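Visitor: My structure file start_35.txt, compact mmCIF, N, CA and C atoms and all ligand atoms, is below:
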# COMPACT_ATOMS: atom_id res chain seq x y z
N MET U 1483 -85.08 33.34 20.98
CA MET U 1483 -85.64 32.48 22.02
C MET U 1483 -84.54 31.99 22.96
N GLU U 1484 -83.40 31.61 22.37
CA GLU U 1484 -82.28 31.14 23.20
C GLU U 1484 -81.81 32.24 24.14
N ARG U 1485 -81.76 33.46 23.63
CA ARG U 1485 -81.26 34.58 24.41
C ARG U 1485 -82.20 34.90 25.57
N LEU U 1486 -83.50 34.70 25.35
CA LEU U 1486 -84.49 35.06 26.38
C LEU U 1486 -84.72 33.95 27.38
N SER U 1487 -84.20 32.77 27.09
CA SER U 1487 -84.53 31.62 27.93
C SER U 1487 -84.02 31.76 29.36
N ALA U 1488 -84.85 31.35 30.29
CA ALA U 1488 -84.45 31.33 31.69
C ALA U 1488 -83.81 29.99 32.05
N ASP U 1489 -83.83 29.07 31.11
CA ASP U 1489 -83.30 27.73 31.34
C ASP U 1489 -81.77 27.77 31.18
N TYR U 1490 -81.07 27.35 32.22
CA TYR U 1490 -79.60 27.35 32.20
C TYR U 1490 -79.05 26.61 30.97
N TYR U 1491 -79.74 25.57 30.55
CA TYR U 1491 -79.24 24.73 29.46
C TYR U 1491 -79.61 25.24 28.07
N VAL U 1492 -80.40 26.30 28.02
CA VAL U 1492 -80.76 26.87 26.71
C VAL U 1492 -80.10 28.24 26.60
N TYR U 1493 -79.15 28.36 25.69
CA TYR U 1493 -78.37 29.59 25.53
C TYR U 1493 -78.07 29.73 24.05
N PRO U 1494 -77.60 30.91 23.61
CA PRO U 1494 -77.36 31.08 22.18
C PRO U 1494 -76.43 30.00 21.63
N GLY U 1495 -76.91 29.26 20.64
CA GLY U 1495 -76.12 28.19 20.05
C GLY U 1495 -76.52 26.81 20.55
N ALA U 1496 -77.27 26.76 21.63
CA ALA U 1496 -77.60 25.46 22.22
C ALA U 1496 -78.49 24.61 21.30
N THR U 1497 -79.40 25.26 20.59
CA THR U 1497 -80.30 24.49 19.72
C THR U 1497 -79.52 23.82 18.60
N ALA U 1498 -78.62 24.57 17.98
CA ALA U 1498 -77.83 24.01 16.88
C ALA U 1498 -76.96 22.87 17.40
N ARG U 1499 -76.41 23.06 18.57
CA ARG U 1499 -75.56 22.02 19.14
C ARG U 1499 -76.39 20.77 19.46
N ALA U 1500 -77.56 20.97 20.04
CA ALA U 1500 -78.43 19.86 20.39
C ALA U 1500 -78.85 19.10 19.13
N LEU U 1501 -79.15 19.86 18.09
CA LEU U 1501 -79.58 19.24 16.84
C LEU U 1501 -78.45 18.41 16.23
N ARG U 1502 -77.25 18.97 16.23
CA ARG U 1502 -76.09 18.23 15.69
C ARG U 1502 -75.83 16.97 16.50
N ARG U 1503 -75.92 17.10 17.80
CA ARG U 1503 -75.65 15.95 18.68
C ARG U 1503 -76.69 14.86 18.47
N TYR U 1504 -77.95 15.27 18.43
CA TYR U 1504 -79.04 14.30 18.28
C TYR U 1504 -78.96 13.63 16.91
N GLU U 1505 -78.62 14.43 15.91
CA GLU U 1505 -78.52 13.91 14.55
C GLU U 1505 -77.38 12.90 14.44
N ALA U 1506 -76.25 13.19 15.02
CA ALA U 1506 -75.10 12.28 14.96
C ALA U 1506 -75.46 10.93 15.58
N PHE U 1507 -76.25 10.97 16.62
CA PHE U 1507 -76.67 9.73 17.28
C PHE U 1507 -77.72 9.00 16.44
N ALA U 1508 -78.75 9.72 16.08
CA ALA U 1508 -79.89 9.09 15.39
C ALA U 1508 -79.51 8.58 14.00
N ARG U 1509 -78.47 9.17 13.42
CA ARG U 1509 -78.06 8.76 12.09
C ARG U 1509 -76.70 8.08 12.10
N ALA U 1510 -76.30 7.57 13.24
CA ALA U 1510 -75.01 6.90 13.32
C ALA U 1510 -74.99 5.74 12.34
N PRO U 1511 -73.84 5.54 11.69
CA PRO U 1511 -73.76 4.44 10.74
C PRO U 1511 -73.93 3.09 11.44
N GLY U 1512 -74.43 2.13 10.71
CA GLY U 1512 -74.61 0.79 11.26
C GLY U 1512 -76.04 0.55 11.70
N ARG U 1513 -76.28 -0.67 12.18
CA ARG U 1513 -77.64 -1.03 12.55
C ARG U 1513 -77.74 -1.52 13.99
N ARG U 1514 -76.60 -1.67 14.62
CA ARG U 1514 -76.63 -2.21 15.99
C ARG U 1514 -77.26 -1.21 16.95
N PRO U 1515 -77.85 -1.73 18.01
CA PRO U 1515 -78.47 -0.83 18.99
C PRO U 1515 -77.44 0.11 19.62
N LEU U 1516 -77.88 1.28 19.95
CA LEU U 1516 -77.05 2.26 20.65
C LEU U 1516 -77.65 2.50 22.03
N TYR U 1517 -76.77 2.83 22.98
CA TYR U 1517 -77.22 3.04 24.36
C TYR U 1517 -76.81 4.42 24.84
N PRO U 1518 -77.79 5.28 25.06
CA PRO U 1518 -77.43 6.60 25.59
C PRO U 1518 -76.65 6.44 26.89
N GLN U 1519 -75.75 7.36 27.14
CA GLN U 1519 -74.94 7.26 28.35
C GLN U 1519 -75.08 8.53 29.17
N ASP U 1520 -74.90 8.38 30.47
CA ASP U 1520 -74.96 9.55 31.36
C ASP U 1520 -73.76 10.45 31.10
N ALA U 1521 -73.97 11.74 31.25
CA ALA U 1521 -72.85 12.67 31.17
C ALA U 1521 -72.13 12.65 32.52
N GLU U 1522 -70.83 12.78 32.50
CA GLU U 1522 -70.09 12.73 33.76
C GLU U 1522 -70.13 14.05 34.51
N CYS U 1523 -70.48 15.08 33.80
CA CYS U 1523 -70.53 16.41 34.42
C CYS U 1523 -71.82 17.06 33.93
N SER U 1524 -72.46 17.84 34.80
CA SER U 1524 -73.77 18.37 34.44
C SER U 1524 -73.71 19.81 33.95
N CYS U 1525 -72.53 20.31 33.61
CA CYS U 1525 -72.47 21.68 33.08
C CYS U 1525 -73.06 21.71 31.68
N ARG U 1526 -73.29 22.90 31.17
CA ARG U 1526 -73.96 23.06 29.87
C ARG U 1526 -73.25 22.36 28.74
N GLY U 1527 -71.93 22.32 28.82
CA GLY U 1527 -71.17 21.72 27.73
C GLY U 1527 -71.17 20.21 27.80
N CYS U 1528 -70.73 19.69 28.94
CA CYS U 1528 -70.60 18.24 29.10
C CYS U 1528 -71.95 17.52 29.04
N SER U 1529 -73.01 18.19 29.40
CA SER U 1529 -74.31 17.53 29.41
C SER U 1529 -74.65 16.93 28.05
N PHE U 1530 -74.10 17.52 27.00
CA PHE U 1530 -74.39 17.00 25.67
C PHE U 1530 -73.74 15.63 25.42
N ASP U 1531 -72.87 15.18 26.32
CA ASP U 1531 -72.35 13.82 26.19
C ASP U 1531 -73.50 12.82 26.28
N ASP U 1532 -74.55 13.21 26.98
CA ASP U 1532 -75.76 12.38 27.06
C ASP U 1532 -76.72 12.86 25.98
N VAL U 1533 -76.95 11.99 25.00
CA VAL U 1533 -77.79 12.38 23.87
C VAL U 1533 -79.21 12.73 24.33
N ARG U 1534 -79.62 12.15 25.44
CA ARG U 1534 -80.97 12.45 25.94
C ARG U 1534 -81.07 13.91 26.38
N HIS U 1535 -79.93 14.45 26.81
CA HIS U 1535 -79.92 15.87 27.16
C HIS U 1535 -80.16 16.73 25.92
N ALA U 1536 -79.56 16.32 24.80
CA ALA U 1536 -79.78 17.06 23.56
C ALA U 1536 -81.27 17.09 23.22
N ARG U 1537 -81.93 15.95 23.43
CA ARG U 1537 -83.37 15.88 23.13
C ARG U 1537 -84.17 16.72 24.14
N ASP U 1538 -83.70 16.77 25.38
CA ASP U 1538 -84.33 17.63 26.40
C ASP U 1538 -84.29 19.09 25.95
N VAL U 1539 -83.11 19.50 25.48
CA VAL U 1539 -82.94 20.89 25.05
C VAL U 1539 -83.88 21.19 23.88
N LEU U 1540 -83.95 20.25 22.94
CA LEU U 1540 -84.83 20.46 21.79
C LEU U 1540 -86.29 20.56 22.24
N ALA U 1541 -86.67 19.75 23.20
CA ALA U 1541 -88.04 19.81 23.71
C ALA U 1541 -88.32 21.17 24.35
N GLU U 1542 -87.35 21.65 25.11
CA GLU U 1542 -87.52 22.94 25.78
C GLU U 1542 -87.63 24.07 24.74
N VAL U 1543 -86.77 24.01 23.74
CA VAL U 1543 -86.80 25.04 22.70
C VAL U 1543 -88.13 24.99 21.94
N LEU U 1544 -88.54 23.79 21.58
CA LEU U 1544 -89.80 23.64 20.84
C LEU U 1544 -90.98 24.23 21.63
N ARG U 1545 -90.93 24.06 22.94
CA ARG U 1545 -92.02 24.56 23.78
C ARG U 1545 -92.16 26.07 23.67
N HIS U 1546 -91.05 26.76 23.43
CA HIS U 1546 -91.09 28.22 23.49
C HIS U 1546 -91.03 28.91 22.13
N LEU U 1547 -90.84 28.17 21.07
CA LEU U 1547 -90.74 28.81 19.76
C LEU U 1547 -92.11 29.27 19.28
N PRO U 1548 -92.12 30.33 18.46
CA PRO U 1548 -93.38 30.72 17.82
C PRO U 1548 -93.80 29.62 16.82
N PRO U 1549 -95.09 29.56 16.50
CA PRO U 1549 -95.66 28.42 15.75
C PRO U 1549 -94.90 28.02 14.48
N ARG U 1550 -94.57 28.98 13.63
CA ARG U 1550 -93.95 28.61 12.37
C ARG U 1550 -92.58 27.96 12.58
N ALA U 1551 -91.78 28.60 13.41
CA ALA U 1551 -90.45 28.06 13.71
C ALA U 1551 -90.56 26.72 14.42
N ARG U 1552 -91.57 26.61 15.28
CA ARG U 1552 -91.76 25.35 16.00
C ARG U 1552 -92.09 24.22 15.02
N ALA U 1553 -92.94 24.51 14.05
CA ALA U 1553 -93.31 23.49 13.07
C ALA U 1553 -92.08 23.05 12.27
N GLU U 1554 -91.27 24.03 11.91
CA GLU U 1554 -90.08 23.74 11.11
C GLU U 1554 -89.09 22.86 11.87
N LEU U 1555 -88.75 23.29 13.07
CA LEU U 1555 -87.82 22.51 13.89
C LEU U 1555 -88.45 21.16 14.26
N GLY U 1556 -89.75 21.20 14.52
CA GLY U 1556 -90.46 19.98 14.90
C GLY U 1556 -90.36 18.90 13.83
N ARG U 1557 -90.42 19.30 12.57
CA ARG U 1557 -90.30 18.32 11.49
C ARG U 1557 -88.92 17.68 11.48
N ARG U 1558 -87.90 18.49 11.66
CA ARG U 1558 -86.54 17.94 11.67
C ARG U 1558 -86.34 17.00 12.85
N VAL U 1559 -86.85 17.40 13.99
CA VAL U 1559 -86.69 16.57 15.18
C VAL U 1559 -87.48 15.27 15.04
N ALA U 1560 -88.65 15.33 14.42
CA ALA U 1560 -89.47 14.12 14.26
C ALA U 1560 -88.73 13.06 13.44
N VAL U 1561 -88.03 13.51 12.40
CA VAL U 1561 -87.26 12.58 11.58
C VAL U 1561 -86.18 11.90 12.43
N LEU U 1562 -85.51 12.71 13.25
CA LEU U 1562 -84.45 12.17 14.10
C LEU U 1562 -85.03 11.28 15.20
N ASP U 1563 -86.22 11.63 15.69
CA ASP U 1563 -86.88 10.79 16.70
C ASP U 1563 -87.07 9.37 16.16
N ALA U 1564 -87.46 9.29 14.91
CA ALA U 1564 -87.67 7.97 14.31
C ALA U 1564 -86.36 7.18 14.30
N GLY U 1565 -85.26 7.87 13.96
CA GLY U 1565 -83.96 7.21 13.96
C GLY U 1565 -83.54 6.80 15.36
N TYR U 1566 -83.82 7.66 16.32
CA TYR U 1566 -83.47 7.37 17.72
C TYR U 1566 -84.22 6.14 18.20
N LEU U 1567 -85.49 6.06 17.85
CA LEU U 1567 -86.29 4.91 18.26
C LEU U 1567 -85.80 3.62 17.60
N ARG U 1568 -85.37 3.75 16.35
CA ARG U 1568 -84.86 2.57 15.64
C ARG U 1568 -83.58 2.04 16.25
N ARG U 1569 -82.74 2.95 16.73
CA ARG U 1569 -81.41 2.54 17.19
C ARG U 1569 -81.32 2.26 18.68
N THR U 1570 -82.39 2.51 19.43
CA THR U 1570 -82.35 2.25 20.87
C THR U 1570 -83.40 1.20 21.21
N LEU U 1571 -83.28 0.65 22.41
CA LEU U 1571 -84.19 -0.41 22.84
C LEU U 1571 -85.04 0.10 24.01
N PRO U 1572 -86.28 -0.36 24.08
CA PRO U 1572 -87.12 0.08 25.19
C PRO U 1572 -86.59 -0.45 26.53
N ASP U 1573 -86.70 0.36 27.57
CA ASP U 1573 -86.29 -0.06 28.91
C ASP U 1573 -87.54 -0.39 29.72
N PRO U 1574 -87.78 -1.68 29.96
CA PRO U 1574 -89.00 -2.06 30.68
C PRO U 1574 -89.01 -1.58 32.13
N PHE U 1575 -87.85 -1.21 32.64
CA PHE U 1575 -87.78 -0.77 34.04
C PHE U 1575 -87.53 0.74 34.15
N ALA U 1576 -87.88 1.44 33.11
CA ALA U 1576 -87.61 2.89 33.08
C ALA U 1576 -88.21 3.60 34.29
N ASP U 1577 -89.35 3.13 34.77
CA ASP U 1577 -90.00 3.80 35.89
C ASP U 1577 -89.13 3.78 37.14
N GLN U 1578 -88.42 2.70 37.36
CA GLN U 1578 -87.54 2.61 38.54
C GLN U 1578 -86.20 3.29 38.29
N ARG U 1579 -85.76 3.24 37.02
CA ARG U 1579 -84.39 3.64 36.74
C ARG U 1579 -84.21 5.10 36.36
N GLN U 1580 -85.17 5.66 35.67
CA GLN U 1580 -84.98 7.00 35.11
C GLN U 1580 -85.77 8.04 35.87
N TRP U 1581 -85.09 9.08 36.30
CA TRP U 1581 -85.82 10.10 37.03
C TRP U 1581 -86.72 10.92 36.11
N GLU U 1582 -86.42 10.92 34.83
CA GLU U 1582 -87.29 11.64 33.90
C GLU U 1582 -88.07 10.66 33.04
N SER U 1583 -88.57 9.61 33.65
CA SER U 1583 -89.18 8.54 32.86
C SER U 1583 -90.48 8.97 32.18
N GLY U 1584 -90.97 10.14 32.51
CA GLY U 1584 -92.16 10.64 31.81
C GLY U 1584 -91.87 11.04 30.37
N LEU U 1585 -90.59 11.23 30.06
CA LEU U 1585 -90.20 11.62 28.71
C LEU U 1585 -89.80 10.37 27.94
N TRP U 1586 -90.44 10.14 26.83
CA TRP U 1586 -90.25 8.85 26.14
C TRP U 1586 -88.79 8.59 25.77
N TRP U 1587 -88.03 9.62 25.45
CA TRP U 1587 -86.63 9.37 25.05
C TRP U 1587 -85.75 8.99 26.24
N HIS U 1588 -86.31 9.10 27.44
CA HIS U 1588 -85.58 8.61 28.62
C HIS U 1588 -85.98 7.18 28.96
N ARG U 1589 -86.95 6.64 28.24
CA ARG U 1589 -87.42 5.29 28.53
C ARG U 1589 -86.78 4.27 27.59
N ARG U 1590 -85.50 4.47 27.29
CA ARG U 1590 -84.77 3.56 26.43
C ARG U 1590 -83.58 3.03 27.20
N LEU U 1591 -83.17 1.81 26.88
CA LEU U 1591 -82.05 1.22 27.58
C LEU U 1591 -80.80 2.07 27.42
N ALA U 1592 -80.11 2.29 28.53
CA ALA U 1592 -78.94 3.16 28.52
C ALA U 1592 -77.81 2.49 29.29
N GLY U 1593 -76.63 3.08 29.17
CA GLY U 1593 -75.52 2.62 29.98
C GLY U 1593 -74.34 2.19 29.16
N GLY U 1594 -73.22 2.07 29.84
CA GLY U 1594 -72.01 1.67 29.14
C GLY U 1594 -71.60 2.72 28.13
N ARG U 1595 -71.05 2.26 27.05
CA ARG U 1595 -70.63 3.20 26.01
C ARG U 1595 -71.68 3.20 24.91
N GLU U 1596 -71.82 4.36 24.27
CA GLU U 1596 -72.86 4.51 23.27
C GLU U 1596 -72.84 3.44 22.18
N GLY U 1597 -71.68 3.19 21.65
CA GLY U 1597 -71.63 2.29 20.51
C GLY U 1597 -71.65 0.82 20.89
N ALA U 1598 -71.31 0.51 22.15
CA ALA U 1598 -71.10 -0.89 22.54
C ALA U 1598 -72.39 -1.67 22.74
ZN ZN R 1601 -68.59 20.00 32.45
Since I need it in another form, could you write the structure as structure tokens?

Guide:
Amino acid sequence: MERLSADYYVYPGATARALRRYEAFARAPGRRPLYPQDAECSCRGCSFDDVRHARDVLAEVLRHLPPRARAELGRRVAVLDAGYLRRTLPDPFADQRQWESGLWWHRRLAGGREGA
């Protein structure tokens, strides 16, 4: 699926990288809120600095996977989604602030440094 993708951000290895990135965030040690941060560069590599990009990639991959593989990856992502929701705060102004505010993982407070 990665090989066939027309999406610039989906390439061989991108799913594994997105999963690792999302997992590191969603399972970060501690209980304090985390704030996704913008990536400073929009190339395929640097984009992963923004954890929301990792979730974007996973969403894109899930959309194109065959049913069985989709269910499998979907279960892993769902577990991490729960962690992501626990560690981030809702952004009441997401509609004004986020260009992708239709995606729930973009509707969380962001900015500054992730851990701060
Ligand atoms: Zn870059």

Visitor: Taking 5 positions as the minimum chain separation for residues in the same chain, which residues sit within 12 Å of Glu1582 in chain U when counting only C-alpha atoms? Answer as a PyMOL selection string.

Guide: chain U and resi 1534-1535+1538+1576-1577+1587-1590

Visitor: Rounded to one decimal, what separation in Å do you get between atom C of Glu1554 in chain U and CA of Arg1503 in chain U?

Guide: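 Result for atom C of Glu1554 in chain U versus CA of Arg1503 in chain U: 16.6 Å, one decimal.
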
Visitor: Between U:Ala1521, U:Ala1496, U:Cys1528, U:Pro1515, which is the closest to ligand ZN 1601 (chain R) once you count all atoms listed in the file?

Guide: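 Nearest candidate to ligand ZN 1601 (chain R) out of U:Ala1521, U:Ala1496, U:Cys1528, U:Pro1515: U:Cys1528.
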
Visitor: Name the closest residue to Arg1514 in chain U among the candidates U:Arg1579, U:Arg1569, U:Arg1502, U:Arg1526; distances are taken between atoms, counting only C-alpha atoms.

Guide: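 Of all the options, U:Arg1569 lies closest to Arg1514 in chain U.
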
Visitor: Skipping near chain neighbours, those fewer than 3 positions away, what residues fall within 9 Å of Leu1540 in chain U using only C-alpha atoms, listed as a ChimeraX atom specification?

Guide: /U:1496-1497,1500-1501,1535-1537,1543-1545,1555-1556,1559

Visitor: Within 12 Å of ligand ZN 1601 (chain R), which residues show up when you count only C-alpha atoms and all ligand atoms? List them as a list in words, please.

Guide: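 Based on only C-alpha atoms and all ligand atoms, ligand ZN 1601 (chain R) is surrounded within 12 Å by Ala1521, Glu1522, Cys1523, Ser1524, Cys1525, Arg1526, Gly1527, Cys1528, Ser1529, Phe1530, Asp1531 and Asp1532 of chain U.
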
Visitor: Could you please determine the separation between atom N of Asp1563 in chain U and atom C of Arg1499 in chain U in Å, to one decimal place?

Guide: 13.9 Å

Visitor: Between U:Tyr1493, U:Ala1560, U:Arg1595, U:Trp1581, single out the one closest to Glu1542 in chain U, counting only C-alpha atoms.

Guide: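 Residue with the minimum atom-to-atom distance to Glu1542 in chain U: U:Tyr1493.
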
Visitor: Pick out the residues sitting within 8 Å of Ala1510 in chain U, and hand them over as an NGL selection string; count all atoms listed in the file, and ignore anything fewer than 5 positions along from it in its own chain.

Guide: :U and (1504-1505 or 1565)

Visitor: Which parts of range 1494-1527 of chain U does DSSP call helix (DSSP H, G or I) when run on the backbone here, written out as number ranges by chain?

Guide: U: 1496-1508

Visitor: Would you compute the distance between atom N of Leu1562 in chain U and CA of Val1533 in chain U? Give it in Å to one decimal.

Guide: 13.1 Å
